[in-house]
Every structure is written in C-alpha cells, then in structure tokens.
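Engineer: Sharing final.pdb, PDB, C-alpha atoms:
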```pdb
ATOM      1  CA  MET A 891      14.742  12.107  -8.738
ATOM      2  CA  HIS A 892      14.238  15.255  -6.641
ATOM      3  CA  PRO A 893      13.918  14.555  -2.856
ATOM      4  CA  LYS A 894      10.456  16.167  -2.752
ATOM      5  CA  THR A 895       9.327  13.975  -5.632
ATOM      6  CA  VAL A 896      10.627  10.839  -3.912
ATOM      7  CA  LEU A 897       8.829  11.740  -0.697
ATOM      8  CA  CYS A 898       5.527  12.194  -2.511
ATOM      9  CA  ALA A 899       6.071   8.949  -4.387
ATOM     10  CA  GLY A 900       6.796   7.055  -1.211
ATOM     11  CA  VAL A 901       3.684   8.328   0.506
ATOM     12  CA  ALA A 902       1.443   7.247  -2.318
ATOM     13  CA  LEU A 903       3.146   3.887  -2.317
ATOM     14  CA  ALA A 904       2.429   3.576   1.341
ATOM     15  CA  LEU A 905      -1.229   4.184   0.670
ATOM     16  CA  ALA A 906      -1.218   1.462  -1.896
ATOM     17  CA  ALA A 907       0.531  -0.893   0.472
ATOM     18  CA  GLY A 908      -2.141  -0.654   3.113
ATOM     19  CA  ALA A 909      -5.047  -2.284   1.432
ATOM     20  CA  ALA A 910      -6.545  -5.607   2.401
ATOM     21  CA  LEU A 911      -9.319  -7.275   0.414
ATOM     22  CA  ALA A 912     -12.507  -5.242   0.902
ATOM     23  CA  ASP A 913     -10.918  -3.452   3.836
ATOM     24  CA  THR A 914      -9.259  -0.153   4.749
ATOM     25  CA  GLN A 915      -5.948   0.331   6.524
ATOM     26  CA  SER A 916      -4.408   3.525   7.915
ATOM     27  CA  PHE A 917      -0.755   4.641   8.255
ATOM     28  CA  GLN A 918       1.563   6.969  10.091
ATOM     29  CA  VAL A 919       4.331   8.293   7.820
ATOM     30  CA  ASN A 920       7.922   8.738   9.064
ATOM     31  CA  ALA A 921      11.162   9.717   7.315
ATOM     32  CA  GLN A 922      14.894   9.457   7.982
ATOM     33  CA  TYR A 923      17.708  11.199   6.122
ATOM     34  CA  ARG A 924      20.919   9.153   6.088
ATOM     35  CA  GLY A 925      23.469  11.583   4.713
ATOM     36  CA  MET A 926      26.513  12.906   6.541
ATOM     37  CA  VAL A 927      24.161  13.882   9.361
ATOM     38  CA  LYS A 928      21.343  11.485  10.177
ATOM     39  CA  LYS A 929      18.010  13.018  11.113
ATOM     40  CA  ALA A 930      14.664  11.384  11.763
ATOM     41  CA  PHE A 931      11.168  12.831  11.351
ATOM     42  CA  THR A 932       8.175  11.081  12.898
ATOM     43  CA  ASP A 933       4.463  11.452  12.281
ATOM     44  CA  ILE A 934       4.757  13.740   9.258
ATOM     45  CA  GLY A 935       1.443  12.571   7.819
ATOM     46  CA  THR A 936      -1.261   9.944   7.549
ATOM     47  CA  GLY A 937      -2.775   7.845   4.809
ATOM     48  CA  GLU A 938      -5.736   5.578   4.141
ATOM     49  CA  LEU A 939      -6.443   3.060   1.381
ATOM     50  CA  ASN A 940      -9.037   0.486   0.358
ATOM     51  CA  ASP A 941      -8.398  -2.669  -1.688
ATOM     52  CA  SER A 942     -11.223  -4.653  -3.251
ATOM     53  CA  GLY A 943     -11.571  -7.440  -5.794
ATOM     54  CA  SER A 944      -9.868 -10.732  -6.551
ATOM     55  CA  ASN A 945      -6.385 -11.752  -7.652
ATOM     56  CA  GLN A 946      -7.476 -11.518 -11.287
ATOM     57  CA  SER A 947      -9.353  -8.190 -11.084
ATOM     58  CA  PHE A 948      -8.811  -5.643  -8.315
ATOM     59  CA  ARG A 949      -9.020  -1.963  -7.410
ATOM     60  CA  LEU A 950      -6.984   0.248  -5.061
ATOM     61  CA  SER A 951      -8.296   3.621  -3.908
ATOM     62  CA  GLY A 952      -7.213   5.981  -1.135
ATOM     63  CA  ARG A 953      -5.797   9.334  -0.072
ATOM     64  CA  ALA A 954      -3.105  10.982   2.085
ATOM     65  CA  ASP A 955      -2.032  14.323   3.535
ATOM     66  CA  VAL A 956       1.681  14.518   4.297
ATOM     67  CA  ASP A 957       3.869  17.439   5.398
ATOM     68  CA  HIS A 958       7.323  17.803   3.880
ATOM     69  CA  PRO A 959       9.701  17.214   6.838
ATOM     70  CA  ARG A 960      12.119  19.990   5.906
ATOM     71  CA  GLN A 961       9.946  22.521   4.097
ATOM     72  CA  GLU A 962       7.476  24.290   6.365
ATOM     73  CA  GLY A 963       4.075  24.848   4.828
ATOM     74  CA  LYS A 964       4.528  22.254   2.076
ATOM     75  CA  THR A 965       1.859  19.558   2.149
ATOM     76  CA  TYR A 966       1.319  16.722  -0.307
ATOM     77  CA  ARG A 967      -2.308  15.845  -0.965
ATOM     78  CA  LEU A 968      -2.557  12.586  -2.855
ATOM     79  CA  ALA A 969      -5.455  10.556  -4.193
ATOM     80  CA  LEU A 970      -5.184   7.081  -5.685
ATOM     81  CA  ASP A 971      -7.845   5.226  -7.666
ATOM     82  CA  MET A 972      -6.687   2.462 -10.021
ATOM     83  CA  ALA A 973      -8.160  -0.782 -11.352
ATOM     84  CA  PHE A 974      -6.188  -3.762 -12.695
ATOM     85  CA  ARG A 975      -6.660  -7.090 -14.415
ATOM     86  CA  MET A 976      -4.038  -9.855 -14.215
ATOM     87  CA  HIS A 977      -3.399 -12.912 -16.364
ATOM     88  CA  ALA A 978      -0.379 -15.063 -15.556
ATOM     89  CA  GLY A 979       2.533 -12.626 -15.227
ATOM     90  CA  THR A 980       0.923  -9.779 -17.154
ATOM     91  CA  ILE A 981      -0.861  -6.967 -15.314
ATOM     92  CA  GLU A 982      -3.221  -4.739 -17.300
ATOM     93  CA  GLU A 983      -4.224  -1.276 -16.084
ATOM     94  CA  VAL A 984      -7.917  -0.939 -16.951
ATOM     95  CA  ALA A 985      -8.754   2.362 -15.207
ATOM     96  CA  ASN A 986      -6.887   5.216 -13.546
ATOM     97  CA  ARG A 987      -8.522   8.197 -11.811
ATOM     98  CA  SER A 988      -5.570   9.078  -9.549
ATOM     99  CA  HIS A 989      -4.504  12.669  -8.958
ATOM    100  CA  CYS A 990      -2.455  14.853  -6.627
ATOM    101  CA  ASN A 991      -1.792  18.524  -5.924
ATOM    102  CA  PRO A 992       0.240  20.614  -8.398
ATOM    103  CA  GLY A 993       3.935  19.827  -8.377
ATOM    104  CA  SER A 994       3.498  16.171  -7.462
ATOM    105  CA  GLU A 995       2.585  14.745 -10.872
ATOM    106  CA  GLU A 996       5.942  13.083 -11.490
ATOM    107  CA  ALA A 997       5.838  11.422  -8.095
ATOM    108  CA  LEU A 998       2.349  10.087  -8.703
ATOM    109  CA  ASN A 999       3.414   8.651 -12.052
ATOM    110  CA  TYR A1000       6.324   6.903 -10.348
ATOM    111  CA  THR A1001       3.991   5.513  -7.714
ATOM    112  CA  GLU A1002       1.403   4.199 -10.141
ATOM    113  CA  LYS A1003       3.798   1.712 -11.696
ATOM    114  CA  LEU A1004       4.203  -0.097  -8.349
ATOM    115  CA  VAL A1005       0.638   0.031  -7.077
ATOM    116  CA  PRO A1006      -0.546  -3.387  -8.312
ATOM    117  CA  PHE A1007       2.172  -5.205  -6.365
ATOM    118  CA  VAL A1008       0.550  -4.145  -3.115
ATOM    119  CA  HIS A1009      -2.383  -6.412  -3.818
ATOM    120  CA  LEU A1010      -0.202  -9.240  -5.101
ATOM    121  CA  VAL A1011       2.204  -9.498  -2.145
ATOM    122  CA  LYS A1012      -0.710  -9.521   0.265
ATOM    123  CA  ASN A1013      -2.779 -12.137  -1.545
ATOM    124  CA  LEU A1014      -0.816 -14.467  -3.834
ATOM    125  CA  PRO A1015       0.857 -17.658  -2.501
ATOM    126  CA  LEU A1016       4.413 -16.931  -1.363
ATOM    127  CA  GLU A1017       5.853 -19.767  -3.433
ATOM    128  CA  GLU A1018       4.236 -18.235  -6.500
ATOM    129  CA  LEU A1019       5.586 -14.762  -5.711
ATOM    130  CA  ASN A1020       9.181 -15.648  -4.857
ATOM    131  CA  GLY A1021      11.380 -15.111  -7.928
ATOM    132  CA  ALA A1022       8.404 -14.220 -10.127
ATOM    133  CA  THR A1023       8.595 -11.635 -12.917
ATOM    134  CA  PHE A1024       5.616  -9.403 -13.693
ATOM    135  CA  THR A1025       5.124  -7.227 -16.755
ATOM    136  CA  THR A1026       2.950  -4.100 -16.621
ATOM    137  CA  PRO A1027       2.395  -1.198 -19.052
ATOM    138  CA  ARG A1028       5.002   0.676 -16.974
ATOM    139  CA  GLY A1029       7.832  -1.844 -16.835
ATOM    140  CA  THR A1030       9.083  -5.272 -15.787
ATOM    141  CA  PHE A1031       9.516  -6.146 -12.109
ATOM    142  CA  GLN A1032      10.800  -9.025  -9.989
ATOM    143  CA  VAL A1033       9.636 -10.123  -6.532
ATOM    144  CA  GLY A1034      11.802 -11.602  -3.777
ATOM    145  CA  ILE A1035      10.425 -13.161  -0.584
ATOM    146  CA  GLY A1036      12.334 -13.434   2.691
ATOM    147  CA  HIS A1037      11.441 -14.471   6.244
ATOM    148  CA  THR A1038      12.391 -13.377   9.752
ATOM    149  CA  GLU A1039      10.998 -14.461  13.114
ATOM    150  CA  ARG A1040       8.718 -11.428  13.049
ATOM    151  CA  ASN A1041       7.824 -10.811   9.409
ATOM    152  CA  THR A1042       7.484 -12.052   5.878
ATOM    153  CA  GLU A1043       9.340  -9.543   3.704
ATOM    154  CA  ALA A1044       8.358  -8.932   0.079
ATOM    155  CA  THR A1045      10.814  -6.870  -1.982
ATOM    156  CA  ILE A1046      10.007  -5.441  -5.422
ATOM    157  CA  TYR A1047      12.938  -4.929  -7.804
ATOM    158  CA  GLU A1048      13.129  -2.882 -10.997
ATOM    159  CA  ASN A1049      16.279  -3.267 -13.110
ATOM    160  CA  GLY A1050      18.037  -4.867 -10.143
ATOM    161  CA  ARG A1051      17.261  -1.980  -7.767
ATOM    162  CA  MET A1052      14.879  -2.165  -4.835
ATOM    163  CA  ALA A1053      11.740  -0.209  -5.675
ATOM    164  CA  GLY A1054       9.733  -1.053  -2.553
ATOM    165  CA  LYS A1055       9.636  -3.374   0.460
ATOM    166  CA  PHE A1056       6.684  -4.687   2.428
ATOM    167  CA  PHE A1057       6.819  -6.124   5.957
ATOM    168  CA  LEU A1058       3.918  -8.539   6.338
ATOM    169  CA  SER A1059       2.617 -10.788   9.085
ATOM    170  CA  ASN A1060       3.795 -14.399   9.107
ATOM    171  CA  ALA A1061       0.223 -15.683   8.977
ATOM    172  CA  GLU A1062      -0.428 -18.675   6.748
ATOM    173  CA  THR A1063      -3.774 -17.318   5.563
ATOM    174  CA  THR A1064      -4.420 -14.506   3.078
ATOM    175  CA  PRO A1065      -4.781 -11.604   2.820
ATOM    176  CA  ARG A1066      -1.626 -11.050   4.865
ATOM    177  CA  GLN A1067      -1.595  -8.128   7.267
ATOM    178  CA  LEU A1068       0.772  -5.311   6.321
ATOM    179  CA  GLU A1069       2.720  -4.042   9.332
ATOM    180  CA  LYS A1070       5.141  -1.623   7.668
ATOM    181  CA  PHE A1071       6.293  -0.411   4.288
ATOM    182  CA  ARG A1072       9.679   1.129   3.517
ATOM    183  CA  ILE A1073      11.243   2.796   0.510
ATOM    184  CA  THR A1074      14.902   3.863   0.223
ATOM    185  CA  THR A1075      15.753   6.638  -2.226
ATOM    186  CA  LYS A1076      18.898   6.991  -4.312
ATOM    187  CA  GLY A1077      19.947   9.841  -2.044
ATOM    188  CA  GLY A1078      19.780   7.657   1.068
ATOM    189  CA  THR A1079      16.443   8.898   2.412
ATOM    190  CA  VAL A1080      14.385   6.154   4.046
ATOM    191  CA  LEU A1081      10.616   6.582   4.181
ATOM    192  CA  SER A1082       8.683   4.344   6.580
ATOM    193  CA  PHE A1083       4.942   3.808   6.689
ATOM    194  CA  VAL A1084       3.674   2.168   9.851
ATOM    195  CA  ALA A1085       0.218   0.631  10.099
ATOM    196  CA  THR A1086      -2.035   2.259  12.703
ATOM    197  CA  PRO A1087      -5.591   1.689  13.971
ATOM    198  CA  ASN A1088      -8.103   2.588  11.301
ATOM    199  CA  VAL A1089      -8.792   6.277  11.740
ATOM    200  CA  ALA A1090      -9.584   8.776   9.021
ATOM    201  CA  ALA A1091      -6.591  10.290   7.282
ATOM    202  CA  ARG A1092      -6.185  13.921   8.262
TER     203      ARG A1092
END
```
Could you write out this structure as structure tokens?

Structural biologist:
Amino acid sequence: MHPKTVLCAGVALALAAGAALADTQSFQVNAQYRGMVKKAFTDIGTGELNDSGSNQSFRLSGRADVDHPRQEGKTYRLALDMAFRMHAGTIEEVANRSHCNPGSEEALNYTEKLVPFVHLVKNLPLEELNGATFTTPRGTFQVGIGHTERNTEATIYENGRMAGKFFLSNAETTPRQLEKFRITTKGGTVLSFVATPNVAAR
C-alpha cells in the first residue's frame, strides 16, 4: 500500500478508535518513520468521533483534518459515518455514508473494514474478546488481549498480521477509555493517535 494511503487509513482508524458510547473523543495525530533514518512528526492533525448504540447495534461517525508529514500542502479530510449490527461473531454493515477527499478512497475503504472493532474492544467483556474471531462483509479478523501495569491492549489481526492496536484504560467497567491507538505499516511507518481533551477537530 502506498505510504500516503496508509497514512490516510491510519487517521480514519484513529477516529474510529476514539468513540465511547454516546460520547465524543478527540485526538492528536503523530507519525514516525522507522527506515534507515528514523524521523518523528508530532501534531500533524486532529480528529473527532462519536460512538452511539449498544453492542448489538451501533453507529460510528466523525471527521479529521491531517497534514501529510512529508508533503507540504497535502491535507487529508476524512469523514466517517457507519452503522453496524452484530450477532454472535458476525458483524453486518447496515449503513455507510463515509467519504473523504479525492485521492483517499482506497485508504477509506481499508479503514472501513476495521471500524466496528473500535466499538467492540471498548465495550465487550475482555474474556469474550480474547481469542475471538469475527466475520464481517470485508474479511475475517482475530482479537488478542494483553495487559500491562498501565494499559489493557487490544490487538486486531487479519491473516496473522497486526491490523490495529488499541491502548485502553485498565478500568473494570465499560466502556473502557481509549488512551492511544497505533498502526504499523508494512514499510515500517508507525502512526500514533493520542487522546486529547475534547476540542473540535480543526
């Protein structure tokens, strides 16, 4: 996947990751390139997303404006609006009004297949999530749960490869608070999305 496409995909995923039930959460977007020369970029954009509904029927909607860290004047403008219905391990996509600026369509398509897992890792019991397999119209995915002193970590796998990772609070109650989201690209680029106080996305 082209680096620009991966960046756009990651940003939209970050938006999806921020939602709490009937609440809005905002993000600062950072990036790090881990090639022969490592370089970090901080505060390259912001995002905002709302999550509403129940574990069986839920909706995620939001937006973001993110500058490409190495291409001056290039800005990704993303909008997400999707509704889902879940039964057992099957997730049905019942509505999709998402869109983005020209040139980012492939990235948005990539993002949309992972969006429902945002809601699930924040709201389903951890014992139910760990090792579970979910089937959607866009593929089959597995979830792994890990714990550190600071976070509960939820990793989404597709075909054995990490597709996304969520760093959540260790609270016993749900919905869990998302503290950070990270995606690593095939080319070694790491995109980080850090929760911030709720302010409007720029």

Engineer: Starting from 8 Å padding per side, set up an axis-aligned box that covers all listed atoms of stretch 1004-1015 of chain A and hand over centre and edge lengths in Å, one decimal, as JSON.

Structural biologist:
```
{"center_x": 0.7, "center_y": -8.8, "center_z": -4.0, "size_x": 23.0, "size_y": 33.7, "size_z": 24.6}
```

Engineer: Pick the closest to A:Leu1010 from A:Phe917, A:Phe931, A:Phe948, A:Phe1057: which is it, counting only C-alpha atoms?

Structural biologist: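 Among the listed residues, A:Phe948 lies closest to A:Leu1010.
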
Engineer: My list of candidates is A:Tyr966, A:Phe1024, A:Phe1056, A:Tyr923. Which is closest to A:Gly935 when distances are computed with all atoms listed in the file?

Structural biologist: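 Distance minimum relative to A:Gly935 lands on A:Tyr966.
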
Engineer: Excluding stretch 1041-1046 of chain A and its own-chain neighbours fewer than 3 positions away, which residues fall within 8 Å of it when counting all atoms listed in the file? Please give them as a ChimeraX atom specification.

Structural biologist: /A:1007,1011,1031-1038,1052-1060

Engineer: Give me the residues near A:Ile934 as a list in words, where near means some atom within 12 Å (using only C-alpha atoms) and where sequence neighbours in that chain fewer than 6 positions away do not count.

Structural biologist: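 Counting only the stated atoms, we get Leu897, Cys898, Val901, Phe917, Gln918, Val919, Asn920, Ala921, Gln922, Ala954, Asp955, Val956, Asp957, His958, Pro959, Arg960, Gln961, Glu962, Gly963, Lys964, Thr965, Tyr966, Leu1081, Ser1082, Phe1083, Val1084 and Arg1092 of chain A.
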
Engineer: Care to translate the PyMOL selection byres ((chain A and resi 987-989) around 6) into actual residues of this file, as number ranges by chain?

Structural biologist: A: 969-971, 986, 990

Engineer: Calculate how many Å separate atom CA of A:Pro1006 from atom CA of A:Thr936, rounding to one decimal.

Structural biologist: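 Answer for the atom CA of A:Pro1006 to atom CA of A:Thr936 separation: 20.7 Å.
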
Engineer: Please measure the separation of atom CA of A:Gly952 and atom CA of A:Gly1029, giving the value in Å to one decimal.

Structural biologist: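 Distance reported for this atom pair: 23.1 Å.
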
Engineer: Using only C-alpha atoms, find the one residue out of A:Arg949, A:His1009, A:Arg1028, A:Lys1070 that sits nearest to A:Arg1040.

Structural biologist: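 Smallest separation from A:Arg1040 among the options: A:Lys1070.
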
Engineer: Which value, in Å to one decimal, gives the distance between atom CA of A:Ser947 and atom CA of A:Met976?

Structural biologist: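 It comes out at 6.4 Å.
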
Engineer: Could you tell me which of A:Pro1027, A:Pro992, A:Pro1015, A:Gly937 comes closest to A:Pro1087 if we count all atoms listed in the file?

Structural biologist: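 Closest residue, counting all atoms listed in the file: A:Gly937.
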
Engineer: Out of A:Tyr1000, A:Glu982, A:Thr1063, A:Arg1072, which residue has the shortest atom-to-atom distance to A:Glu1048 when counting only C-alpha atoms?

Structural biologist: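 Closest candidate: A:Tyr1000.
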
Engineer: Of the residues A:Asn1020, A:Ser944, A:Thr932, A:Ser951, which is the one nearest to A:Val1005, using all atoms listed in the file?

Structural biologist: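 With all atoms listed in the file as the atom set, the closest residue is A:Ser951.
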